[in-house]
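The block underneath contains the structure these notes are about, expressed in structure tokens.
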Amino acid sequence: MKDESKCLHSGYTPVNGGPRVMPIYQSTTFRYNSTQEIAEVFDDPTKNHIYSRFTNPTVDVVEKKIADLEHGVAAMCTSSGQMASLLSILNLCNSGDSFVSTSAIYGGTINLFAFTLKKLGIECIFVSVDATEAEIQKAIKPNTKAIFGETLTNPSLQIFDIEKFAKVAHANKIPLIVDNTFATPILCKPIDYGADIVVHSTSKYMDGHALQVGGVIIDSGKFDFTCGKFPEFTEPDESYHGTVYTKKYPFAPYIIKARMQLMRDFGAYPSGHSGFLLNIGVETLAVRMERYCSNAITVAKYLEKHPKIESVNYPGLKGNKYYDLAQKYLPKGQSGVMSVTIKGGKQPAIKFMDNLKMASNEVHVADIRTCVLHPASATHRQLTDEQLVACGINPGMVRFSVGLENVDDIIEDLENALKAV
Ligand SMILES: *Cc1c(COP(=O)(O)O)cnc(C)c1O
């Protein structure tokens with residue numbers, strides 16, 4: 001199936017006379033006829049459901065659908081995008097380990113990597129998204145267990161050269177993790193370019209409607225965890241009656257270990273109702289992405305010519321530093337998000353935002369409705385000026401997330417707000 005069809009049909013096939021739509025399994029637990037049957041599910045938890053702290057039939061449907069869309073073999077939903085990023089690292093790194101990440105990533109991920117993981121004894125070594133292969137290689141130490149990057153960075157809209165980073169990761173026998181939130185599997189499938197693990201904040205385009213926070217981790221099934229660097233995958237797991245993940249689950253050891261160890265212990269799993277809502281969002285993802293992208297390029301071209309605008313950062317515009325990489329990795333479109341710098345810096349930027357009528361000023365992005373945010377005074381306010389520059393943020397920059405309204409209305413709103421500046 002093509003993506004549009006997968007969005008609608010992957011993950012769930014109704015039985016004869018069964019409900020057309022996957023029902024909400026709003027139940028903490030699942031009943032079995034005998035102790036023996038429960039014991040069997042414990043022996044192989046991939047066979048059936050035990051407890052909704054780590055699996056649920058409704059969530060399972062959307063996990064299978066997203067894995068299919070990303071060209072992965074299995075997926076696990078999480079209660080937030082932050083939790084997806086956290087577990088993606090904790091599944092590989094223990095205290096005393098390190099990993100490499102580009103510095104052009106979401107502000108919340110920077111906090112998690114630079115501060116919170118540090119307290120757990122895990123070091124994040126930051127490199128530039130534009131680093132050469134030699135520079136990436138230089139950052140890797142014997143205890144480095146992964147490389148992390150964001151396909152299309154929030155909010156600086158730089159493009160992560162997946163193949164370049166995958167090459168260095170694989171030469172060092174470590175997996176590449178890609179946060180594909182902004183691109184979504186409709187615009188880019190990182191696994192096709194060598195990513196081993198993909199993570200998402202589903203709170204953005206996947207949910208689409210700004211209904212709920214969520215995340216997901218996808219396993220490509222391609223990374224060879226028997227390479228010698230990952231004993232937790234190849235030696236018996238004491239906490240799971242001696243399971244050896246690469247032996248028992250050679251098709252997806254990464255995601256099964258993440259579920260059976262980390263999700264079992266941390267319990268950051270969405271409810272059946274959450275899985276149901278996420279599925280509704282994903283059903284229309286392919287058609288929505290097409291419209292976000294076509295509205296965005298129209299708006300970007302309009303703003304680029306406006307006399308009160310200093311610059312528009314949208315990788316679909318010719319002349320953008322990442323235009324060529326965008327054509328390679330995101331040929332169908334570069335999402336609905338752009339950053340716009342108003343002439344004059346911070347004050348005019350705030351004035352412009354406060355004069356928008358339809359676009360709402362909110363701490364969100366990739367909403368179905370057009371929304372706008374000032375990163376320097378919101379999501380990134382904890383960062384120093386140097387850190388702001390390192391992740392590509394100018395104090396006068398406004399993040400503009402184009403929604404699905406008629407593009408003429410979006411432009412009229414912009415026109416009026418810019419008149420007030
Ligand atoms: C929002 C976001 C996150 C964090 O996700 P939450 O669902 O808000 O926890 C991670 N990565 C990217 C790229 C994001 O945009």
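As shown in the structure tokens, the chain order sets the letters A, B, ...; within each chain, residues go from 1, and ligands are also counted from 1 in the order they appear.
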
List every residue of range 235-389 of chain A that DSSP, applied to the backbone of this structure, places in strand (DSSP E or B), and write the result as a PyMOL selection string.
chain A and resi 237+243+309-313+337-342+360-361+371-373

Could the residues in this selection be saved with N, CA, C and O atoms as a short mmCIF file (atom, residue, chain, number, x, y, z; two decimals), in the first residue's frame?
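Okay, part.cif is ready:
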data_model
loop_
_atom_site.label_atom_id
_atom_site.label_comp_id
_atom_site.auth_asym_id
_atom_site.auth_seq_id
_atom_site.Cartn_x
_atom_site.Cartn_y
_atom_site.Cartn_z
N ASP A 237 18.74 -11.23 30.43
CA ASP A 237 18.19 -10.14 31.23
C ASP A 237 17.65 -10.73 32.53
O ASP A 237 16.63 -11.40 32.55
N THR A 243 15.80 -13.59 29.59
CA THR A 243 15.60 -13.38 28.15
C THR A 243 16.86 -12.79 27.52
O THR A 243 17.45 -11.85 28.05
N ILE A 309 9.97 42.34 6.43
CA ILE A 309 10.56 41.06 6.82
C ILE A 309 12.05 41.05 6.47
O ILE A 309 12.43 41.36 5.33
N GLU A 310 12.85 40.70 7.48
CA GLU A 310 14.29 40.64 7.24
C GLU A 310 14.64 39.34 6.51
O GLU A 310 15.39 39.34 5.55
N SER A 311 14.08 38.24 7.01
CA SER A 311 14.38 36.96 6.36
C SER A 311 13.32 35.92 6.69
O SER A 311 12.63 36.01 7.70
N VAL A 312 13.20 34.97 5.80
CA VAL A 312 12.30 33.84 6.00
C VAL A 312 13.15 32.58 5.91
O VAL A 312 13.88 32.39 4.94
N ASN A 313 13.06 31.77 6.94
CA ASN A 313 13.80 30.52 6.92
C ASN A 313 12.83 29.38 6.65
O ASN A 313 12.07 28.98 7.51
N VAL A 337 6.04 24.50 8.89
CA VAL A 337 6.71 25.38 9.85
C VAL A 337 7.82 26.20 9.19
O VAL A 337 8.60 25.67 8.40
N MET A 338 7.86 27.48 9.52
CA MET A 338 8.95 28.32 9.03
C MET A 338 9.31 29.30 10.13
O MET A 338 8.53 29.52 11.06
N SER A 339 10.50 29.86 10.05
CA SER A 339 10.79 30.92 11.00
C SER A 339 11.00 32.20 10.23
O SER A 339 11.57 32.22 9.13
N VAL A 340 10.46 33.26 10.82
CA VAL A 340 10.40 34.55 10.14
C VAL A 340 11.07 35.56 11.06
O VAL A 340 10.72 35.65 12.24
N THR A 341 11.99 36.33 10.52
CA THR A 341 12.63 37.38 11.33
C THR A 341 12.11 38.74 10.85
O THR A 341 12.25 39.08 9.68
N ILE A 342 11.49 39.44 11.79
CA ILE A 342 10.93 40.75 11.49
C ILE A 342 12.06 41.77 11.60
O ILE A 342 12.88 41.68 12.52
N SER A 360 -3.02 31.92 16.15
CA SER A 360 -3.01 32.07 17.61
C SER A 360 -1.62 31.94 18.18
O SER A 360 -0.78 31.17 17.70
N ASN A 361 -1.41 32.76 19.22
CA ASN A 361 -0.14 32.80 19.93
C ASN A 361 -0.19 31.69 20.96
O ASN A 361 -0.91 31.77 21.95
N CYS A 371 -0.56 28.80 13.88
CA CYS A 371 -0.16 29.30 15.20
C CYS A 371 1.25 29.87 15.13
O CYS A 371 2.02 29.61 14.20
N VAL A 372 1.55 30.67 16.13
CA VAL A 372 2.78 31.45 16.10
C VAL A 372 3.39 31.48 17.50
O VAL A 372 2.67 31.43 18.50
N LEU A 373 4.71 31.51 17.55
CA LEU A 373 5.40 31.45 18.84
C LEU A 373 6.72 32.21 18.74
O LEU A 373 7.37 32.22 17.69
#

For ligand 1, return the neighbouring residues as a short mmCIF file (atom, residue, chain, number, x, y, z; two decimals) with all heavy atoms, in the first residue's frame (distance at most 8 Å; only C-alpha atoms and all ligand atoms).
data_model
loop_
_atom_site.label_atom_id
_atom_site.label_comp_id
_atom_site.auth_asym_id
_atom_site.auth_seq_id
_atom_site.Cartn_x
_atom_site.Cartn_y
_atom_site.Cartn_z
N SER A 79 4.03 8.28 26.51
CA SER A 79 3.09 9.32 26.95
C SER A 79 3.47 10.71 26.47
O SER A 79 2.68 11.64 26.59
CB SER A 79 2.99 9.30 28.47
OG SER A 79 4.29 9.39 29.01
N SER A 80 4.67 10.89 25.92
CA SER A 80 5.07 12.19 25.36
C SER A 80 6.24 11.98 24.40
O SER A 80 6.88 10.92 24.43
CB SER A 80 5.49 13.17 26.47
OG SER A 80 6.70 12.72 27.06
N GLY A 81 6.52 13.00 23.63
CA GLY A 81 7.71 12.96 22.77
C GLY A 81 8.98 12.95 23.60
O GLY A 81 9.95 12.27 23.27
N GLN A 82 8.96 13.69 24.70
CA GLN A 82 10.12 13.71 25.59
C GLN A 82 10.43 12.30 26.08
O GLN A 82 11.58 11.90 26.18
CB GLN A 82 9.84 14.61 26.80
CG GLN A 82 9.86 16.09 26.49
CD GLN A 82 11.23 16.56 26.09
OE1 GLN A 82 11.52 16.72 24.90
NE2 GLN A 82 12.10 16.77 27.04
N MET A 83 9.37 11.55 26.42
CA MET A 83 9.56 10.19 26.92
C MET A 83 10.11 9.29 25.82
O MET A 83 10.93 8.42 26.09
CB MET A 83 8.23 9.67 27.48
CG MET A 83 8.32 8.38 28.26
SD MET A 83 9.71 8.15 29.37
CE MET A 83 9.11 8.80 30.90
N ALA A 84 9.69 9.52 24.58
CA ALA A 84 10.22 8.73 23.46
C ALA A 84 11.73 8.99 23.33
O ALA A 84 12.52 8.05 23.20
CB ALA A 84 9.50 9.08 22.17
N SER A 85 12.14 10.27 23.40
CA SER A 85 13.57 10.59 23.29
C SER A 85 14.33 9.99 24.46
O SER A 85 15.40 9.39 24.27
CB SER A 85 13.79 12.11 23.27
OG SER A 85 13.10 12.68 22.18
N ILE A 105 18.56 20.78 17.86
CA ILE A 105 17.42 19.93 18.20
C ILE A 105 16.44 20.75 19.04
O ILE A 105 16.75 21.86 19.47
CB ILE A 105 17.86 18.65 18.98
CG1 ILE A 105 18.76 19.00 20.17
CG2 ILE A 105 18.54 17.65 18.05
CD1 ILE A 105 19.11 17.82 21.05
N TYR A 106 15.29 20.18 19.27
CA TYR A 106 14.24 20.80 20.06
C TYR A 106 14.76 21.22 21.45
O TYR A 106 15.55 20.47 22.06
CB TYR A 106 13.11 19.78 20.18
CG TYR A 106 11.98 20.14 21.09
CD1 TYR A 106 11.16 21.23 20.82
CD2 TYR A 106 11.72 19.37 22.22
CE1 TYR A 106 10.10 21.54 21.66
CE2 TYR A 106 10.66 19.68 23.06
CZ TYR A 106 9.86 20.77 22.77
OH TYR A 106 8.83 21.07 23.61
N GLY A 108 13.49 21.31 24.41
CA GLY A 108 13.19 20.35 25.48
C GLY A 108 14.15 19.18 25.45
O GLY A 108 14.54 18.63 26.49
N THR A 109 14.54 18.77 24.25
CA THR A 109 15.49 17.66 24.11
C THR A 109 16.88 18.10 24.58
O THR A 109 17.61 17.31 25.18
CB THR A 109 15.53 17.17 22.65
OG1 THR A 109 14.20 17.08 22.15
CG2 THR A 109 16.18 15.81 22.55
N GLU A 150 17.82 15.42 14.46
CA GLU A 150 16.42 15.73 14.13
C GLU A 150 16.31 16.00 12.62
O GLU A 150 17.00 16.91 12.13
CB GLU A 150 16.04 16.99 14.92
CG GLU A 150 14.67 16.97 15.53
CD GLU A 150 14.49 18.16 16.49
OE1 GLU A 150 14.92 18.04 17.66
OE2 GLU A 150 13.94 19.18 16.07
N LEU A 152 14.25 17.53 10.55
CA LEU A 152 14.00 18.94 10.21
C LEU A 152 13.89 19.59 11.58
O LEU A 152 12.97 19.28 12.34
CB LEU A 152 12.69 19.00 9.43
CG LEU A 152 12.14 20.35 9.00
CD1 LEU A 152 13.12 21.08 8.11
CD2 LEU A 152 10.83 20.15 8.24
N THR A 153 14.86 20.45 11.91
CA THR A 153 14.99 20.83 13.31
C THR A 153 13.96 21.87 13.75
O THR A 153 13.63 22.79 13.00
CB THR A 153 16.41 21.35 13.60
OG1 THR A 153 16.63 22.55 12.86
CG2 THR A 153 17.45 20.34 13.20
N ASN A 154 13.48 21.69 14.97
CA ASN A 154 12.53 22.58 15.61
C ASN A 154 13.28 23.48 16.57
O ASN A 154 13.86 22.98 17.52
CB ASN A 154 11.49 21.73 16.38
CG ASN A 154 10.52 22.58 17.19
OD1 ASN A 154 10.50 23.79 17.08
ND2 ASN A 154 9.73 21.93 18.02
N PRO A 155 13.30 24.78 16.41
CA PRO A 155 12.60 25.56 15.40
C PRO A 155 13.51 26.09 14.28
O PRO A 155 13.05 26.89 13.47
CB PRO A 155 12.10 26.75 16.23
CG PRO A 155 13.23 26.98 17.20
CD PRO A 155 13.89 25.65 17.43
N ASP A 179 14.95 11.91 15.26
CA ASP A 179 13.67 12.50 15.66
C ASP A 179 13.03 13.04 14.39
O ASP A 179 13.50 14.01 13.80
CB ASP A 179 13.92 13.62 16.68
CG ASP A 179 12.62 14.27 17.17
OD1 ASP A 179 11.60 14.19 16.45
OD2 ASP A 179 12.63 14.88 18.26
N ASN A 180 11.96 12.37 13.97
CA ASN A 180 11.33 12.69 12.67
C ASN A 180 10.01 13.44 12.84
O ASN A 180 9.14 13.39 11.98
CB ASN A 180 11.11 11.37 11.91
CG ASN A 180 10.87 11.56 10.42
OD1 ASN A 180 11.42 12.48 9.81
ND2 ASN A 180 10.03 10.73 9.84
N THR A 181 9.87 14.15 13.97
CA THR A 181 8.60 14.81 14.31
C THR A 181 8.09 15.76 13.23
O THR A 181 6.93 15.68 12.82
CB THR A 181 8.77 15.61 15.63
OG1 THR A 181 9.11 14.68 16.66
CG2 THR A 181 7.51 16.35 16.00
N PHE A 182 8.93 16.68 12.78
CA PHE A 182 8.46 17.71 11.85
C PHE A 182 8.24 17.15 10.44
O PHE A 182 7.34 17.60 9.73
CB PHE A 182 9.45 18.88 11.79
CG PHE A 182 9.16 19.97 12.78
CD1 PHE A 182 8.41 19.71 13.92
CD2 PHE A 182 9.62 21.27 12.58
CE1 PHE A 182 8.13 20.71 14.84
CE2 PHE A 182 9.34 22.28 13.49
CZ PHE A 182 8.60 22.01 14.62
N HIS A 200 9.36 10.14 17.61
CA HIS A 200 8.45 11.24 17.27
C HIS A 200 7.84 11.82 18.53
O HIS A 200 7.55 11.07 19.46
CB HIS A 200 7.24 10.73 16.46
CG HIS A 200 7.52 10.45 15.04
ND1 HIS A 200 7.42 11.41 14.07
CD2 HIS A 200 7.87 9.31 14.41
CE1 HIS A 200 7.70 10.87 12.90
NE2 HIS A 200 7.99 9.60 13.08
N SER A 201 7.56 13.11 18.47
CA SER A 201 6.55 13.67 19.33
C SER A 201 5.28 13.57 18.49
O SER A 201 5.16 14.28 17.48
CB SER A 201 6.86 15.13 19.66
OG SER A 201 5.67 15.74 20.13
N THR A 202 4.34 12.72 18.88
CA THR A 202 3.09 12.61 18.10
C THR A 202 2.17 13.79 18.40
O THR A 202 1.14 13.96 17.76
CB THR A 202 2.34 11.30 18.40
OG1 THR A 202 2.00 11.26 19.79
CG2 THR A 202 3.19 10.09 18.03
N SER A 203 2.57 14.61 19.40
CA SER A 203 1.78 15.81 19.75
C SER A 203 1.66 16.78 18.59
O SER A 203 0.79 17.65 18.60
CB SER A 203 2.45 16.56 20.92
OG SER A 203 3.06 15.69 21.83
N LYS A 204 2.56 16.67 17.62
CA LYS A 204 2.62 17.64 16.52
C LYS A 204 1.76 17.13 15.36
O LYS A 204 0.58 16.90 15.54
CB LYS A 204 4.08 17.88 16.12
CG LYS A 204 5.00 18.13 17.32
CD LYS A 204 4.71 19.40 18.08
CE LYS A 204 5.34 19.44 19.46
NZ LYS A 204 6.77 19.19 19.53
N VAL A 213 -0.78 15.16 24.10
CA VAL A 213 0.66 14.98 24.04
C VAL A 213 0.95 13.48 23.93
O VAL A 213 0.29 12.67 24.57
CB VAL A 213 1.29 15.60 25.31
CG1 VAL A 213 2.75 15.24 25.45
CG2 VAL A 213 1.12 17.13 25.29
N GLY A 214 1.92 13.14 23.10
CA GLY A 214 2.28 11.72 22.98
C GLY A 214 3.57 11.56 22.21
O GLY A 214 4.10 12.53 21.63
N GLY A 215 4.09 10.34 22.21
CA GLY A 215 5.33 10.07 21.46
C GLY A 215 5.34 8.64 20.97
O GLY A 215 4.47 7.84 21.33
N HIS A 364 2.81 25.84 20.81
CA HIS A 364 2.57 24.62 20.05
C HIS A 364 3.05 24.88 18.64
O HIS A 364 3.38 26.01 18.27
CB HIS A 364 1.08 24.27 20.07
CG HIS A 364 0.82 22.84 19.68
ND1 HIS A 364 1.58 21.79 20.12
CD2 HIS A 364 -0.12 22.29 18.86
CE1 HIS A 364 1.11 20.65 19.61
NE2 HIS A 364 0.09 20.92 18.84
N VAL A 365 3.08 23.83 17.87
CA VAL A 365 3.52 23.93 16.49
C VAL A 365 2.90 22.74 15.79
O VAL A 365 2.54 21.75 16.44
CB VAL A 365 5.06 23.91 16.45
CG1 VAL A 365 5.63 22.57 16.88
CG2 VAL A 365 5.60 24.28 15.10
#

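Closest approach to Pro348 in chain A among A:Glu40, A:Phe54, A:Ala420, A:Glu163 is made by A:Ala420 (distances from only C-alpha atoms).
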
Nearby residues (only C-alpha atoms) at most 12 Å from range 320-329 of chain A, same-chain spacing under 4 positions excluded, as number ranges by chain:
A: 129-130, 151-153, 156-164, 180, 183-193, 300, 304, 311-316, 333-335, 338

Enumerate the residues of range 163-317 of chain A with a DSSP assignment of helix (DSSP H, G or I), computed from the backbone, and present them as a VMD selection string.
chain A and resid 163 to 171 184 to 187 190 to 193 231 to 234 238 to 240 245 to 248 253 to 266 272 to 283 285 to 305

Shell around Pro253 in chain A at 10 Å using only C-alpha atoms, local window under 2 positions removed, as a list in words:
Ala74, Asp219, Gly221, Lys222, Phe223, Asp224, Phe225, Phe233, Thr234, Val244, Tyr245, Thr246, Lys247, Lys248, Tyr249, Pro250, Phe251, Ile255, Ile256, Lys257, Ala258 and Arg259 of chain A

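Shortest atom-to-atom contact with Phe126 in chain A among A:Thr102, A:Ser34, A:Gln212, A:Thr370: A:Thr102, counting only C-alpha atoms.
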
Using only C-alpha atoms, which protein or nucleic acid residues come within 8 Å of Ile410 in chain A? Drop anything in the same chain fewer than 6 positions from it, and give the result as a compact mmCIF listing (two decimals) with all heavy atoms, in the first residue's frame.
# COMPACT_ATOMS: atom_id res chain seq x y z
N VAL A 299 2.94 30.89 1.63
CA VAL A 299 3.15 31.91 2.66
C VAL A 299 4.63 32.34 2.69
O VAL A 299 4.94 33.53 2.78
CB VAL A 299 2.71 31.37 4.05
CG1 VAL A 299 3.17 32.27 5.19
CG2 VAL A 299 1.19 31.21 4.10
N MET A 358 -6.15 35.76 13.36
CA MET A 358 -6.54 34.36 13.17
C MET A 358 -5.47 33.41 13.73
O MET A 358 -5.78 32.45 14.42
CB MET A 358 -6.78 34.07 11.68
CG MET A 358 -7.37 32.71 11.43
SD MET A 358 -7.80 32.47 9.69
CE MET A 358 -6.18 32.23 8.98
N ALA A 359 -4.22 33.70 13.42
CA ALA A 359 -3.13 32.86 13.92
C ALA A 359 -3.05 33.02 15.43
O ALA A 359 -3.03 34.13 15.93
CB ALA A 359 -1.82 33.30 13.29
N THR A 370 -3.40 27.66 12.17
CA THR A 370 -2.17 28.44 12.10
C THR A 370 -1.83 28.98 13.49
O THR A 370 -2.69 29.50 14.19
CB THR A 370 -2.33 29.60 11.10
OG1 THR A 370 -2.52 29.03 9.81
CG2 THR A 370 -1.11 30.50 11.08
N VAL A 402 2.11 27.13 9.77
CA VAL A 402 0.97 27.32 8.86
C VAL A 402 -0.02 26.17 9.02
O VAL A 402 0.37 25.01 9.02
CB VAL A 402 1.48 27.40 7.40
CG1 VAL A 402 0.32 27.52 6.43
CG2 VAL A 402 2.45 28.55 7.23

If we count only C-alpha atoms, what is near Lys229 in chain A at a cut-off of 8 Å, once residues fewer than 2 positions away on the same chain are taken out, given as an MDAnalysis selection string?
chainID A and resid 145 173:174 225:227 231

Create the file for the chosen residues now, containing N, CA and C atoms and written as a compact mmCIF listing (two decimals), in the first residue's frame.
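Produced file again.txt, reproduced below:
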# COMPACT_ATOMS: atom_id res chain seq x y z
N LYS A 145 27.43 5.30 22.61
CA LYS A 145 26.52 4.21 22.24
C LYS A 145 25.47 4.59 21.19
N LYS A 173 29.85 1.04 14.75
CA LYS A 173 28.95 0.00 15.29
C LYS A 173 28.00 0.53 16.36
N ILE A 174 27.46 1.71 16.10
CA ILE A 174 26.44 2.26 17.00
C ILE A 174 25.24 2.71 16.17
N PHE A 225 22.67 -5.73 16.95
CA PHE A 225 23.03 -5.58 18.36
C PHE A 225 23.97 -6.67 18.85
N THR A 226 24.29 -7.65 17.98
CA THR A 226 25.25 -8.67 18.40
C THR A 226 26.69 -8.24 18.07
N CYS A 227 26.87 -6.96 17.69
CA CYS A 227 28.19 -6.49 17.26
C CYS A 227 29.22 -6.43 18.37
N PRO A 231 26.03 -5.55 25.36
CA PRO A 231 25.81 -6.81 26.10
C PRO A 231 24.40 -6.95 26.67

Nearest-residue call for Met260 in chain A, choices A:Ile50, A:Leu176, A:Ala210, A:Ala417, using only C-alpha atoms:
A:Ile50

List the neighbours of Tyr51 in chain A out to 9 Å using only C-alpha atoms; skip same-chain residues closer than 6 positions along the sequence, and give me the result as an MDAnalysis selection string.
chainID A and resid 27:30

For a quick check of understanding, using only C-alpha atoms, which of A:Lys138, A:Lys332, A:Arg369, A:Lys65 has the smallest distance to Ser10 in chain A?
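That would be A:Lys65, the residue with the smallest distance to Ser10 in chain A.
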
In Å, rounded to a single decimal, give me how far CA of Ser101 in chain A is from CA of Arg264 in chain A.
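Value for the CA of Arg264 in chain A-CA of Ser101 in chain A distance: 26.6 Å.
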